[in-house]
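Have a look at run-v6.txt below; it lists compact mmCIF, C-alpha atoms (C1' of nucleotides).
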# COMPACT_ATOMS: atom_id res chain seq x y z
CA MET F 1 21.88 9.85 53.74
CA LYS F 2 23.98 8.08 56.33
CA GLN F 3 27.22 6.70 55.01
CA ALA F 4 29.03 3.54 55.98
CA THR F 5 32.76 3.18 56.56
CA LEU F 6 34.44 -0.20 56.41
CA GLN F 7 38.00 -1.13 57.29
CA LEU F 8 39.73 -3.90 55.37
CA ALA F 9 43.03 -5.50 56.33
CA PRO F 10 44.85 -6.31 53.07
CA PRO F 11 47.98 -8.49 52.78
CA ALA F 12 50.95 -6.95 54.58
CA ASP F 13 52.68 -5.86 51.37
CA TYR F 14 49.57 -4.34 49.80
CA ASP F 15 50.03 -0.94 48.13
CA LEU F 16 46.76 0.51 46.81
CA ALA F 17 48.30 2.86 44.20
CA ARG F 18 50.68 0.21 42.87
CA ASP F 19 48.23 -2.68 42.90
CA VAL F 20 45.21 -0.81 41.46
CA CYS F 21 47.23 0.81 38.68
CA SER F 22 48.60 -2.51 37.48
CA TYR F 23 46.28 -3.37 34.60
CA GLY F 24 44.41 -1.23 32.06
CA TYR F 25 40.98 -1.99 33.51
CA PHE F 26 41.59 0.58 36.28
CA LEU F 27 41.14 3.19 33.52
CA LEU F 28 37.80 1.76 32.36
CA ALA F 29 34.39 2.90 33.60
CA PRO F 30 32.94 2.68 36.12
CA ASN F 31 36.36 2.78 37.81
CA HIS F 32 37.76 6.19 38.64
CA TRP F 33 41.29 6.52 39.96
CA ASP F 34 42.03 9.94 41.44
CA HIS F 35 45.80 10.22 41.12
CA GLU F 36 46.00 13.34 43.31
CA SER F 37 44.29 11.83 46.35
CA ARG F 38 45.25 8.24 45.39
CA VAL F 39 41.69 7.11 45.88
CA LEU F 40 39.71 4.63 43.77
CA TRP F 41 35.97 5.11 43.52
CA ARG F 42 33.21 3.47 41.55
CA VAL F 43 29.60 2.39 41.79
CA PHE F 44 29.13 -1.21 42.92
CA ALA F 45 25.97 -3.07 41.95
CA LEU F 46 24.72 -4.80 45.09
CA ALA F 47 21.62 -6.97 45.51
CA ASP F 48 19.77 -4.14 47.29
CA GLY F 49 20.79 -1.50 44.76
CA PRO F 50 23.82 0.45 43.57
CA VAL F 51 26.20 2.12 45.98
CA LEU F 52 29.05 4.52 45.37
CA ALA F 53 32.19 3.50 47.26
CA GLU F 54 35.52 5.20 47.70
CA ILE F 55 38.58 3.12 48.57
CA ALA F 56 41.64 4.69 50.15
CA GLN F 57 44.72 3.56 52.04
CA PRO F 58 45.26 6.41 54.53
CA LYS F 59 48.70 7.01 55.90
CA GLY F 60 49.03 6.06 59.52
CA ALA F 61 46.31 3.40 59.30
CA GLY F 62 48.79 0.53 59.35
CA GLY F 63 48.20 -0.27 55.69
CA LYS F 64 44.47 -0.86 56.20
CA LEU F 65 42.04 0.06 53.45
CA ARG F 66 39.16 2.42 54.19
CA VAL F 67 35.98 1.94 52.17
CA ARG F 68 33.41 4.74 52.42
CA THR F 69 29.99 4.29 50.87
CA SER F 70 27.35 6.77 49.73
CA ARG F 71 24.62 5.13 51.82
CA SER F 72 24.23 2.88 54.79
CA LEU F 73 24.44 -0.86 54.25
CA LEU F 74 22.85 -3.82 55.97
CA ARG F 75 25.05 -6.73 57.03
CA GLU F 76 24.39 -8.58 53.76
CA GLY F 77 25.27 -5.50 51.75
CA LYS F 78 28.53 -5.02 53.63
CA ASP F 79 29.50 -8.66 53.07
CA GLU F 80 28.66 -8.40 49.37
CA LEU F 81 30.67 -5.18 48.99
CA VAL F 82 33.67 -6.64 50.82
CA GLY F 83 33.51 -9.68 48.54
CA GLN F 84 33.50 -7.53 45.42
CA VAL F 85 36.32 -5.27 46.67
CA THR F 86 38.37 -8.33 47.64
CA ARG F 87 37.99 -9.77 44.14
CA MET F 88 38.71 -6.48 42.40
CA LEU F 89 41.86 -5.72 44.39
CA ARG F 90 42.97 -9.38 44.64
CA LEU F 91 43.22 -9.07 48.40
CA ASP F 92 43.12 -12.87 48.58
CA GLU F 93 46.53 -13.07 46.89
CA SER F 94 48.84 -13.17 49.88
CA ALA F 95 52.45 -12.01 50.07
CA GLU F 96 53.43 -15.69 50.10
CA MET F 97 51.58 -16.29 46.82
CA LEU F 98 53.44 -13.36 45.26
CA ALA F 99 56.72 -14.74 46.56
CA ALA F 100 56.26 -17.75 44.26
CA PHE F 101 56.17 -15.36 41.31
CA HIS F 102 59.15 -13.34 42.57
CA ARG F 103 61.25 -16.49 42.99
CA LEU F 104 60.74 -17.22 39.29
CA ASP F 105 61.13 -13.61 38.17
CA PRO F 106 63.18 -11.63 40.72
CA ARG F 107 62.99 -8.45 38.60
CA PHE F 108 59.74 -7.54 40.33
CA LYS F 109 60.62 -8.51 43.90
CA LYS F 110 61.92 -5.10 44.97
CA CYS F 111 58.99 -3.08 43.57
CA GLY F 112 56.54 -5.73 44.77
CA ARG F 113 54.62 -5.96 41.49
CA GLY F 114 52.50 -9.07 41.17
CA ARG F 115 48.81 -8.33 41.77
CA LEU F 116 46.72 -7.44 38.74
CA PHE F 117 43.68 -5.24 39.08
CA ARG F 118 40.43 -6.79 37.86
CA SER F 119 36.66 -6.30 38.13
CA PRO F 120 34.34 -6.97 41.08
CA THR F 121 32.62 -9.71 39.07
CA LEU F 122 33.63 -12.30 36.48
CA PHE F 123 30.86 -11.05 34.19
CA GLU F 124 32.33 -7.54 34.09
CA ASP F 125 35.78 -8.98 33.35
CA VAL F 126 34.36 -11.02 30.46
CA ILE F 127 32.53 -8.06 28.90
CA LYS F 128 35.52 -5.77 29.37
CA THR F 129 37.65 -8.37 27.58
CA VAL F 130 35.18 -8.52 24.68
CA THR F 131 35.24 -4.72 24.41
CA SER F 132 39.04 -4.81 24.22
CA CYS F 133 39.11 -7.16 21.21
CA ASN F 134 39.62 -5.89 17.67
CA VAL F 135 39.62 -2.25 18.72
CA GLN F 136 42.19 0.25 19.84
CA TRP F 137 42.32 1.19 23.53
CA PRO F 138 40.42 4.52 23.23
CA GLY F 139 37.55 2.56 21.68
CA THR F 140 37.52 0.21 24.67
CA ILE F 141 37.36 3.22 27.00
CA THR F 142 34.39 4.64 25.06
CA MET F 143 32.47 1.34 24.98
CA ASN F 144 32.77 0.82 28.73
CA GLN F 145 31.82 4.42 29.47
CA ARG F 146 28.69 4.15 27.34
CA LEU F 147 27.70 0.70 28.59
CA CYS F 148 27.68 2.17 32.11
CA GLU F 149 25.86 5.37 31.16
CA VAL F 150 23.23 3.73 28.94
CA VAL F 151 22.55 0.47 30.80
CA GLY F 152 24.13 0.67 34.28
CA ALA F 153 22.25 1.56 37.46
CA LYS F 154 22.53 5.19 38.60
CA VAL F 155 23.60 6.76 41.86
CA ARG F 156 22.87 10.46 42.35
CA LEU F 157 24.98 12.27 44.88
CA GLY F 158 25.24 16.03 45.35
CA GLY F 159 24.00 16.81 41.85
CA VAL F 160 26.38 14.33 40.26
CA THR F 161 25.25 11.08 38.64
CA ALA F 162 27.52 8.05 38.61
CA HIS F 163 26.78 4.69 37.00
CA ALA F 164 27.48 1.07 37.82
CA PHE F 165 28.66 -1.48 35.28
CA PRO F 166 25.56 -3.21 33.85
CA SER F 167 24.67 -6.53 35.41
CA ALA F 168 24.16 -9.62 33.27
CA LYS F 169 20.40 -9.39 33.85
CA GLN F 170 20.33 -5.77 32.70
CA LEU F 171 22.41 -6.42 29.58
CA ALA F 172 20.38 -9.53 28.71
CA LYS F 173 17.28 -7.32 28.39
CA VAL F 174 18.90 -4.67 26.18
CA SER F 175 18.44 -4.91 22.42
CA ALA F 176 21.48 -5.44 20.22
CA GLY F 177 20.46 -2.29 18.34
CA THR F 178 20.73 -0.20 21.50
CA LEU F 179 24.18 -1.58 22.24
CA ARG F 180 25.33 -0.86 18.72
CA GLY F 181 23.67 2.53 18.32
CA ARG F 182 24.15 4.05 21.76
CA CYS F 183 27.09 2.14 23.25
CA ARG F 184 29.06 1.95 19.96
CA VAL F 185 30.01 -1.69 20.50
CA GLY F 186 29.64 -2.45 16.78
CA TYR F 187 29.45 -6.10 15.71
CA ARG F 188 29.97 -7.15 19.35
CA ASP F 189 26.30 -6.26 20.06
CA LYS F 190 24.69 -9.71 19.69
CA ARG F 191 27.66 -11.46 21.32
CA ILE F 192 27.40 -9.25 24.42
CA VAL F 193 23.65 -9.86 24.73
CA GLU F 194 24.19 -13.61 24.30
CA LEU F 195 26.93 -13.62 26.94
CA ALA F 196 24.67 -11.68 29.29
CA ARG F 197 21.90 -14.26 28.77
CA LEU F 198 24.28 -17.12 29.47
CA PHE F 199 25.51 -15.41 32.66
CA SER F 200 22.00 -14.63 33.90
CA MET F 201 20.58 -18.11 33.15
CA PRO F 202 20.60 -20.95 35.71
CA VAL F 203 23.31 -23.56 35.07
CA LYS F 204 20.74 -26.35 34.72
CA ARG F 205 19.07 -24.43 31.90
CA GLY F 206 22.33 -24.02 30.00
CA GLY F 207 23.74 -20.99 31.77
CA ILE F 208 27.42 -20.47 32.50
CA ASP F 209 28.72 -22.41 35.50
CA GLN F 210 30.61 -19.58 37.20
CA ALA F 211 31.47 -21.73 40.20
CA MET F 212 33.22 -24.21 37.91
CA LEU F 213 35.10 -21.44 36.10
CA GLN F 214 36.31 -20.00 39.40
CA ASP F 215 37.08 -23.33 41.03
CA PRO F 216 40.87 -23.86 41.44
CA ALA F 217 40.23 -27.58 40.89
CA THR F 218 39.15 -26.95 37.30
CA SER F 219 42.11 -27.65 35.02
CA ASP F 220 43.53 -24.93 32.77
CA ASP F 221 42.67 -26.96 29.67
CA VAL F 222 39.02 -27.43 30.66
CA LEU F 223 38.78 -23.75 31.58
CA PHE F 224 40.24 -22.65 28.24
CA ARG F 225 38.00 -24.98 26.22
CA THR F 226 34.92 -23.76 28.11
CA LEU F 227 35.80 -20.10 27.57
CA VAL F 228 36.54 -20.35 23.82
CA ASP F 229 33.12 -21.98 23.37
CA LEU F 230 31.47 -18.75 24.55
CA PRO F 231 30.25 -16.21 21.96
CA GLY F 232 32.78 -13.50 21.18
CA ILE F 233 35.55 -15.34 23.03
CA GLY F 234 38.49 -16.57 20.97
CA PRO F 235 41.96 -17.75 22.02
CA TYR F 236 43.17 -14.26 22.99
CA ALA F 237 40.08 -13.39 25.02
CA ALA F 238 40.01 -16.82 26.72
CA ALA F 239 43.66 -16.52 27.79
CA ASN F 240 43.00 -13.01 29.09
CA ILE F 241 39.97 -14.13 31.11
CA MET F 242 42.14 -16.93 32.50
CA GLN F 243 44.67 -14.47 33.89
CA LEU F 244 41.76 -12.49 35.33
CA LEU F 245 40.75 -15.73 37.05
CA GLY F 246 44.26 -16.09 38.49
CA ARG F 247 45.55 -18.60 35.92
CA TYR F 248 48.82 -17.13 34.76
CA GLY F 249 50.16 -20.01 32.65
CA ARG F 250 48.81 -18.85 29.27
CA LEU F 251 49.67 -15.67 27.40
CA PRO F 252 46.91 -13.62 25.73
CA LEU F 253 49.09 -12.42 22.89
CA ASP F 254 47.88 -9.69 20.54
CA THR F 255 49.41 -7.13 18.21
CA GLU F 256 50.69 -5.22 21.24
CA SER F 257 52.63 -8.36 22.22
CA VAL F 258 54.16 -8.56 18.75
CA ARG F 259 55.30 -4.94 19.06
CA HIS F 260 56.78 -5.75 22.46
CA GLY F 261 58.51 -8.86 21.09
CA ARG F 262 60.08 -6.90 18.27
CA THR F 263 61.08 -3.73 20.11
CA MET F 264 61.97 -5.00 23.58
CA LEU F 265 62.98 -8.63 22.99
CA GLY F 266 64.57 -8.09 19.57
CA LEU F 267 62.56 -10.89 17.98
CA LYS F 268 62.41 -11.12 14.20
CA GLY F 269 60.00 -12.62 11.67
CA SER F 270 56.31 -12.43 10.75
CA SER F 271 53.68 -11.59 13.39
CA ALA F 272 52.85 -15.28 13.79
CA GLN F 273 56.53 -16.17 14.16
CA VAL F 274 57.10 -13.39 16.72
CA MET F 275 54.09 -14.58 18.73
CA LYS F 276 55.50 -18.12 18.83
CA LYS F 277 58.84 -16.73 19.96
CA VAL F 278 57.20 -14.62 22.69
CA HIS F 279 55.44 -17.78 23.94
CA ALA F 280 58.77 -19.62 23.94
CA HIS F 281 60.51 -16.71 25.67
CA PHE F 282 58.13 -16.80 28.66
CA ALA F 283 57.61 -20.59 28.72
CA PRO F 284 60.29 -21.09 31.42
CA MET F 285 58.07 -19.05 33.78
CA GLY F 286 55.52 -21.87 33.70
CA ASP F 287 52.36 -21.05 35.63
CA GLN F 288 53.63 -17.50 36.26
CA ALA F 289 54.32 -16.70 32.57
CA PHE F 290 51.63 -14.06 32.23
CA ARG F 291 52.73 -12.00 35.22
CA SER F 292 56.32 -12.02 33.97
CA TYR F 293 55.20 -10.97 30.49
CA TRP F 294 52.71 -8.39 31.70
CA PHE F 295 54.87 -6.58 34.21
CA GLU F 296 57.73 -6.48 31.71
CA MET F 297 55.39 -4.69 29.29
CA TRP F 298 53.82 -2.54 32.03
CA THR F 299 57.29 -1.44 33.18
CA PHE F 300 58.00 -0.41 29.60
CA TYR F 301 54.82 1.71 29.51
CA GLU F 302 55.76 3.31 32.82
CA SER F 303 59.27 4.07 31.54
CA LYS F 304 57.63 6.13 28.78
CA HIS F 305 54.78 7.76 30.71
CA GLY F 306 55.74 7.73 34.38
CA PRO F 307 54.20 5.61 37.15
CA ALA F 308 50.77 4.29 36.19
CA TRP F 309 49.19 5.76 39.32
CA THR F 310 49.83 9.24 37.81
CA TRP F 311 47.94 8.47 34.58
CA GLU F 312 44.61 10.15 33.89
CA ARG F 313 41.98 8.36 31.85
CA SER F 314 41.45 11.30 29.47
CA THR F 315 45.13 11.87 28.67
CA THR F 316 47.89 9.31 29.32
CA GLY F 317 45.27 6.68 30.07
CA ARG F 318 44.12 6.81 26.43
CA LEU F 319 47.55 6.81 24.86
CA PHE F 320 49.88 4.68 26.95
CA THR F 321 50.07 1.67 24.60
CA ALA F 322 53.00 0.97 22.28
CA ALA F 323 50.66 1.39 19.30
CA HIS F 324 50.51 5.10 20.15
CA LEU F 325 54.19 5.34 20.95
CA ASN F 326 54.94 4.17 17.42
CA LYS F 327 52.91 7.06 16.06
C1' DG H 1 44.11 -27.83 10.12
C1' DG H 2 45.06 -23.61 7.69
C1' DT H 3 43.62 -19.34 5.33
C1' DA H 4 40.90 -15.44 3.59
C1' DG H 5 37.58 -12.14 4.19
C1' DA H 6 33.79 -9.86 6.71
C1' DC H 7 32.53 -7.71 10.80
C1' DC H 8 32.57 -2.33 12.99
C1' DT H 9 34.43 1.94 14.95
C1' DG H 10 37.35 5.79 15.50
C1' DG H 11 41.42 8.01 14.34
C1' DA H 12 44.88 9.37 10.94
C1' DC H 13 45.68 11.13 6.66
C1' DG H 14 45.17 13.38 2.09
C1' DC H 15 42.75 16.50 -0.60
C1' DG A 1 34.86 19.24 5.85
C1' DC A 2 34.77 15.10 3.41
C1' DG A 3 36.32 10.65 1.76
C1' DT A 4 39.53 6.87 2.23
C1' DC A 5 42.42 3.84 4.64
C1' DC A 6 43.88 1.20 8.54
C1' DA A 7 44.17 -1.36 13.16
C1' DG A 8 42.25 -4.74 15.94
C1' DG A 9 40.41 -10.32 17.47
C1' DT A 10 36.59 -13.38 16.31
C1' DC A 11 33.83 -15.96 13.31
C1' DT A 12 32.55 -18.37 9.19
C1' DA A 13 33.21 -20.32 4.79
C1' DC A 14 36.14 -22.58 2.05
C1' DC A 15 40.06 -25.45 0.59
Please re-express this file's structure in structure tokens.
Amino acid sequence: MKQATLQLAPPADYDLARDVCSYGYFLLAPNHWDHESRVLWRVFALADGPVLAEIAQPKGAGGKLRVRTSRSLLREGKDELVGQVTRMLRLDESAEMLAAFHRLDPRFKKCGRGRLFRSPTLFEDVIKTVTSCNVQWPGTITMNQRLCEVVGAKVRLGGVTAHAFPSAKQLAKVSAGTLRGRCRVGYRDKRIVELARLFSMPVKRGGIDQAMLQDPATSDDVLFRTLVDLPGIGPYAAANIMQLLGRYGRLPLDTESVRHGRTMLGLKGSSAQVMKKVHAHFAPMGDQAFRSYWFEMWTFYESKHGPAWTWERSTTGRLFTAAHLNK
DNA sequence: GGTAGACCTGGACGC
DNA sequence: GCGTCCAGGTCTACC
């Protein structure tokens, strides 16, 4: 089958290894980071079918990204793929936008940290967030792997089968029992199906208004209230989805944050008290609070396990959190 | 508005 | 190898 090769010009400071390996979702299926070749590959679900794509930043290419696909693409398919890659890699966050963060928190100016890896679609980000709630990280890895293998579209290439992340339409048709029994999502089963229905339904029939959620004109408060109204989304998940939407003013604090507050910031008190103190600690960062908090924690993980781009999903990628360090 | 308990799974631990 | 306990965020019932 004829392949396609696309060239993308990212922001001038873009570093694929650094900026992909910046948030745990790069370790979740269907994403595969090859730390030896420093290449990211995954199956993308496009309107005309799934396609396997490999993203690299070859030396000597002036920083440009090379995207190779497993099959040829029509113009519409190329545009759709570029849109999804741009969202996933946050290529629309310019060096100037990062400079605003670095002015507030100069600790990350030299290393250039600032972009956070996310998913090609908002729906995938929402489901990944739900699978990260009330479960330890290895459980999240398993759920995403199985969701892809059981429900996601397949691409066969050279005797190997790879899977896409399920679309909202696909997940809306799956029974809760299948999700629980085969994907091991537990009590999240009905909530995931309900979310998938809301995402696949037209807005005028009560579906989720994705344009509104992704519109910069929508206020943080409206966004938060809309998200916490969704099934399976509480305050933590809503704040996390907000950072995935580029709203960095709220902190999705969980037990990992409490550990960080106690061990790294020296905060004392009950979990609830430590969480309040962590909020207060990062409040001066205003609309950049999450990036300051996150990269402080990410730097701590890297100090224990080496640069994130060297992590493998099956080893360090399962055990990098502070919860495991404590053990 | 605040709190307690159920919801599930997988891993750790004790026997 | 088996049973028990625990971590984890959301949701609901109750005060």
Practice task
Return the neighbours of chain F among the residues of chain A, cut-off 12 Å, counting only C-alpha atoms (C1' of nucleotides), as a PyMOL selection string.
Solution key: chain A and resi 6-11
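Counting only C-alpha atoms (C1' of nucleotides), every residue of chain H that comes within 9 Å of chain F is listed here: DC7, DC8, DT9 and DG10 of chain H.
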Problem - Best match for closeness to Thr140 of chain F among F:Gly24, F:Gly246, F:Pro106, F:Gly159, counting all atoms listed in the file - result: F:Gly24
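Atom CA of Arg247 of chain F is positioned 28.8 Å from atom CA of Glu312 of chain F.
Atom CA of Glu80 of chain F sits 14.6 Å away from atom CA of Ser167 of chain F.
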Around the point (41.8, 4.1, 57.5) in the file's coordinates, collect all residues with an atom within 9 Å, using only C-alpha atoms (C1' of nucleotides), and return them as a JSON list (two decimals) with C-alpha atoms, in the frame of the given file.
[["chain", "number", "residue", "atom", "x", "y", "z"],
["F", 6, "LEU", "CA", 34.44, -0.20, 56.41],
["F", 7, "GLN", "CA", 38.00, -1.13, 57.29],
["F", 8, "LEU", "CA", 39.73, -3.90, 55.37],
["F", 56, "ALA", "CA", 41.64, 4.69, 50.15],
["F", 57, "GLN", "CA", 44.72, 3.56, 52.04],
["F", 58, "PRO", "CA", 45.26, 6.41, 54.53],
["F", 59, "LYS", "CA", 48.70, 7.01, 55.90],
["F", 60, "GLY", "CA", 49.03, 6.06, 59.52],
["F", 61, "ALA", "CA", 46.31, 3.40, 59.30],
["F", 62, "GLY", "CA", 48.79, 0.53, 59.35],
["F", 63, "GLY", "CA", 48.20, -0.27, 55.69],
["F", 64, "LYS", "CA", 44.47, -0.86, 56.20],
["F", 65, "LEU", "CA", 42.04, 0.06, 53.45],
["F", 66, "ARG", "CA", 39.16, 2.42, 54.19],
["F", 67, "VAL", "CA", 35.98, 1.94, 52.17]]
Problem - Exercise: His32 of chain F partners within 10 Å, only C-alpha atoms (C1' of nucleotides), chain neighbours under 3 positions left out, as a ChimeraX atom specification - result: /F:26-29,35,39-43,54,312-313
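If you look at atom CA of Tyr293 of chain F and atom CA of Arg107 of chain F, they are 11.5 Å away from each other.
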Which residues are near Phe117 of chain F? Cut-off 12 Å, only C-alpha atoms (C1' of nucleotides), ignore same chain within fewer than 4 positions. Put them as a PDB file with C-alpha atoms, in the frame of the given file.
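This went into part.pdb:
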ATOM      1  CA  ASP F  15      50.030  -0.940  48.130  1.00  0.00           C
ATOM      2  CA  LEU F  16      46.760   0.510  46.810  1.00  0.00           C
ATOM      3  CA  ALA F  17      48.300   2.860  44.200  1.00  0.00           C
ATOM      4  CA  ARG F  18      50.680   0.210  42.870  1.00  0.00           C
ATOM      5  CA  ASP F  19      48.230  -2.680  42.900  1.00  0.00           C
ATOM      6  CA  VAL F  20      45.210  -0.810  41.460  1.00  0.00           C
ATOM      7  CA  CYS F  21      47.230   0.810  38.680  1.00  0.00           C
ATOM      8  CA  SER F  22      48.600  -2.510  37.480  1.00  0.00           C
ATOM      9  CA  TYR F  23      46.280  -3.370  34.600  1.00  0.00           C
ATOM     10  CA  GLY F  24      44.410  -1.230  32.060  1.00  0.00           C
ATOM     11  CA  TYR F  25      40.980  -1.990  33.510  1.00  0.00           C
ATOM     12  CA  PHE F  26      41.590   0.580  36.280  1.00  0.00           C
ATOM     13  CA  LEU F  27      41.140   3.190  33.520  1.00  0.00           C
ATOM     14  CA  LEU F  28      37.800   1.760  32.360  1.00  0.00           C
ATOM     15  CA  ASN F  31      36.360   2.780  37.810  1.00  0.00           C
ATOM     16  CA  LEU F  40      39.710   4.630  43.770  1.00  0.00           C
ATOM     17  CA  VAL F  85      36.320  -5.270  46.670  1.00  0.00           C
ATOM     18  CA  THR F  86      38.370  -8.330  47.640  1.00  0.00           C
ATOM     19  CA  ARG F  87      37.990  -9.770  44.140  1.00  0.00           C
ATOM     20  CA  MET F  88      38.710  -6.480  42.400  1.00  0.00           C
ATOM     21  CA  LEU F  89      41.860  -5.720  44.390  1.00  0.00           C
ATOM     22  CA  ARG F  90      42.970  -9.380  44.640  1.00  0.00           C
ATOM     23  CA  LEU F  91      43.220  -9.070  48.400  1.00  0.00           C
ATOM     24  CA  GLU F  93      46.530 -13.070  46.890  1.00  0.00           C
ATOM     25  CA  ARG F 113      54.620  -5.960  41.490  1.00  0.00           C
ATOM     26  CA  THR F 121      32.620  -9.710  39.070  1.00  0.00           C
ATOM     27  CA  ASP F 125      35.780  -8.980  33.350  1.00  0.00           C
ATOM     28  CA  GLN F 243      44.670 -14.470  33.890  1.00  0.00           C
ATOM     29  CA  LEU F 244      41.760 -12.490  35.330  1.00  0.00           C
ATOM     30  CA  LEU F 245      40.750 -15.730  37.050  1.00  0.00           C
ATOM     31  CA  GLY F 246      44.260 -16.090  38.490  1.00  0.00           C
ATOM     32  CA  ARG F 291      52.730 -12.000  35.220  1.00  0.00           C
TER      33      ARG F 291
END
Could you complete segment 115-129 of chain F so that it carries N, CA, C and O atoms, and give it back as a PDB file, keeping the file's coordinate frame?
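File rebuild.pdb, as written:
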ATOM      1  N   ARG F 115      50.288  -8.292  41.834  1.00  0.00           N
ATOM      2  CA  ARG F 115      48.810  -8.330  41.770  1.00  0.00           C
ATOM      3  C   ARG F 115      48.328  -7.536  40.571  1.00  0.00           C
ATOM      4  O   ARG F 115      48.838  -6.456  40.285  1.00  0.00           O
ATOM      5  N   LEU F 116      47.311  -8.091  39.911  1.00  0.00           N
ATOM      6  CA  LEU F 116      46.720  -7.440  38.740  1.00  0.00           C
ATOM      7  C   LEU F 116      45.293  -7.031  39.040  1.00  0.00           C
ATOM      8  O   LEU F 116      44.476  -7.861  39.435  1.00  0.00           O
ATOM      9  N   PHE F 117      45.022  -5.770  38.844  1.00  0.00           N
ATOM     10  CA  PHE F 117      43.680  -5.240  39.080  1.00  0.00           C
ATOM     11  C   PHE F 117      42.665  -5.948  38.167  1.00  0.00           C
ATOM     12  O   PHE F 117      42.960  -6.264  37.016  1.00  0.00           O
ATOM     13  N   ARG F 118      41.488  -6.195  38.676  1.00  0.00           N
ATOM     14  CA  ARG F 118      40.430  -6.790  37.860  1.00  0.00           C
ATOM     15  C   ARG F 118      39.088  -6.211  38.276  1.00  0.00           C
ATOM     16  O   ARG F 118      39.042  -5.205  38.993  1.00  0.00           O
ATOM     17  N   SER F 119      37.992  -6.833  37.868  1.00  0.00           N
ATOM     18  CA  SER F 119      36.660  -6.300  38.130  1.00  0.00           C
ATOM     19  C   SER F 119      36.040  -6.973  39.359  1.00  0.00           C
ATOM     20  O   SER F 119      36.471  -8.055  39.758  1.00  0.00           O
ATOM     21  N   PRO F 120      35.001  -6.356  39.921  1.00  0.00           N
ATOM     22  CA  PRO F 120      34.340  -6.970  41.080  1.00  0.00           C
ATOM     23  C   PRO F 120      33.637  -8.280  40.746  1.00  0.00           C
ATOM     24  O   PRO F 120      33.371  -9.085  41.629  1.00  0.00           O
ATOM     25  N   THR F 121      33.309  -8.473  39.460  1.00  0.00           N
ATOM     26  CA  THR F 121      32.620  -9.710  39.070  1.00  0.00           C
ATOM     27  C   THR F 121      33.268 -10.303  37.819  1.00  0.00           C
ATOM     28  O   THR F 121      33.845  -9.586  37.006  1.00  0.00           O
ATOM     29  N   LEU F 122      33.117 -11.625  37.672  1.00  0.00           N
ATOM     30  CA  LEU F 122      33.630 -12.300  36.480  1.00  0.00           C
ATOM     31  C   LEU F 122      32.928 -11.782  35.235  1.00  0.00           C
ATOM     32  O   LEU F 122      33.554 -11.594  34.186  1.00  0.00           O
ATOM     33  N   PHE F 123      31.616 -11.532  35.344  1.00  0.00           N
ATOM     34  CA  PHE F 123      30.860 -11.050  34.190  1.00  0.00           C
ATOM     35  C   PHE F 123      31.453  -9.749  33.645  1.00  0.00           C
ATOM     36  O   PHE F 123      31.656  -9.587  32.442  1.00  0.00           O
ATOM     37  N   GLU F 124      31.751  -8.816  34.541  1.00  0.00           N
ATOM     38  CA  GLU F 124      32.330  -7.540  34.090  1.00  0.00           C
ATOM     39  C   GLU F 124      33.679  -7.769  33.422  1.00  0.00           C
ATOM     40  O   GLU F 124      33.994  -7.150  32.397  1.00  0.00           O
ATOM     41  N   ASP F 125      34.484  -8.670  33.970  1.00  0.00           N
ATOM     42  CA  ASP F 125      35.780  -8.980  33.350  1.00  0.00           C
ATOM     43  C   ASP F 125      35.596  -9.539  31.941  1.00  0.00           C
ATOM     44  O   ASP F 125      36.356  -9.209  31.023  1.00  0.00           O
ATOM     45  N   VAL F 126      34.601 -10.407  31.770  1.00  0.00           N
ATOM     46  CA  VAL F 126      34.360 -11.020  30.460  1.00  0.00           C
ATOM     47  C   VAL F 126      33.938  -9.956  29.445  1.00  0.00           C
ATOM     48  O   VAL F 126      34.466  -9.893  28.322  1.00  0.00           O
ATOM     49  N   ILE F 127      33.001  -9.098  29.834  1.00  0.00           N
ATOM     50  CA  ILE F 127      32.530  -8.060  28.900  1.00  0.00           C
ATOM     51  C   ILE F 127      33.643  -7.059  28.606  1.00  0.00           C
ATOM     52  O   ILE F 127      33.828  -6.637  27.463  1.00  0.00           O
ATOM     53  N   LYS F 128      34.411  -6.696  29.613  1.00  0.00           N
ATOM     54  CA  LYS F 128      35.520  -5.770  29.370  1.00  0.00           C
ATOM     55  C   LYS F 128      36.524  -6.391  28.392  1.00  0.00           C
ATOM     56  O   LYS F 128      37.075  -5.707  27.538  1.00  0.00           O
ATOM     57  N   THR F 129      36.738  -7.694  28.510  1.00  0.00           N
ATOM     58  CA  THR F 129      37.650  -8.370  27.580  1.00  0.00           C
ATOM     59  C   THR F 129      37.098  -8.327  26.162  1.00  0.00           C
ATOM     60  O   THR F 129      37.833  -8.050  25.214  1.00  0.00           O
TER      61      THR F 129
END
